[in-house]
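Chemist: The structure that follows is given in the form of structure tokens.
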Amino acid sequence: MALLELDGVSKAFGSLKAVDGVSFQVQAGEIFGVAGPNGSGKSTLFNVITGIPFGPDKGRIRFDGTDIHRKSGNDIARLGLARTFQRETSFDGLTVFENAVIGAGYGGPARKSVAVREAAAEALEFVGLGPAQFGRLAGELSVFDRKCLMLATAIAMEPRMLLLDEPASSLTKPEIETSIGLIRRIAGRGITIVLIEHVLTFLMSLSQHLLVLNQGTVLAAGDPKTVISDPRVVEAYLGTRRPDA
């Protein structure tokens, strides 16, 4: 059984169909990539899956066999589905540790305060934000460290699946390489990953399956090398460039 299943999922804003009849499955343990040009509906897709800030208008979404398309974002998180965002999101006036504690307390299983704090500390150290960083204000961090904090906050929720929305955005080449390694280590913890990314080398180096959206619909899906060579994908996502250019 697939861990995540979408069947005919749609979301419209007035006459604009941001997500239009999208169906796919994500198997437990895989890294599943989502690509597409700007405005293709990728982030809206993550929104409707997680219920943050809204669910779908139509269609069915199942997580580990449970229908979640009518559940709240909090209920979905407690089932084990977490996400990050395009922009580095944090409570800038709180410390690094306080941000991670909020994540640990928001999602995942109900835990006592000591367990929440332990989960937060472990997640921070896992992403490279050790105890020396715990007391820093989140707003003082670099872009890369803010992204790491966002990851740690999600990991502290102890999710079974993590949706990552453009984690390589605004990073330098060395930071991108570090992020690739970090995402592989997250997958090594048994967390299934669904990944949106515009940096093609990043996406191709990680994804075991690839889905391409265009104007809210599925343009192609399957093996990443096969999908990215599809003439329709080259036209919609890469323009006139070759996929390996």
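In the structure tokens, the first chain shown is A, the next is B, and so on; residue numbers restart at 1 for each chain, and ligands run from 1 in the order shown.
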Considering only C-alpha atoms, return as JSON, numbers by chain whatever protein or nucleic-acid residues lie within 12 Å of Asn47 (chain A), sequence-local ones (same chain, fewer than 5 positions apart) excluded.
Modeler: {"A": [9, 10, 11, 18, 19, 41, 42, 52, 53, 54, 55, 56, 57, 69, 72, 73, 76, 81, 82, 83, 84, 85, 86, 163, 164, 165]}
Chemist: Mind listing the strand (DSSP E) residues of region 23-235 of chain A, per DSSP on the backbone, as a PyMOL selection string?
Modeler: chain A and resi 23-26+31-35+58-63+66-67+81-83+161-165+192-196+209-214+217-222
Chemist: Please, which residues of region 63-227 of chain A, numbered as in this document, come out helix (DSSP H, G or I) from DSSP, as an MDAnalysis selection string?
Modeler: chainID A and resid 73:78 96:106 113:126 131:133 138:140 143:155 173:188 200:206 224:227
Chemist: Name the residues in contact with Val101 (chain A) at a cut-off of 8 Å, using only C-alpha atoms, excluding same-chain residues fewer than 3 positions from it; report them as a PyMOL selection string.
Modeler: chain A and resi 97-98+104-105+116-117+119-120+153+156
Chemist: At a cut-off of 6 Å, using only C-alpha atoms, what residues contact Ala138 (chain A)? Leave out same-chain residues fewer than 2 positions from it and give the result as a short mmCIF file (atom, residue, chain, number, x, y, z; two decimals) with C-alpha atoms, in the first residue's frame.
Modeler:
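See part_34.cif below for the written result:
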```cif
data_model
loop_
_atom_site.label_atom_id
_atom_site.label_comp_id
_atom_site.auth_asym_id
_atom_site.auth_seq_id
_atom_site.Cartn_x
_atom_site.Cartn_y
_atom_site.Cartn_z
CA ASP A 92 12.52 35.24 14.65
CA THR A 95 15.62 31.18 20.15
CA VAL A 96 16.69 28.33 17.90
CA GLU A 140 20.07 36.21 13.57
CA LEU A 141 20.80 33.06 11.55
#
```
Chemist: Hey, can you check how far CA of Leu171 (chain A) sits from CA of Asp145 (chain A)?
Modeler: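 Taking CA of Leu171 (chain A) as the start and CA of Asp145 (chain A) as the end point, the length is 10.4 Å.
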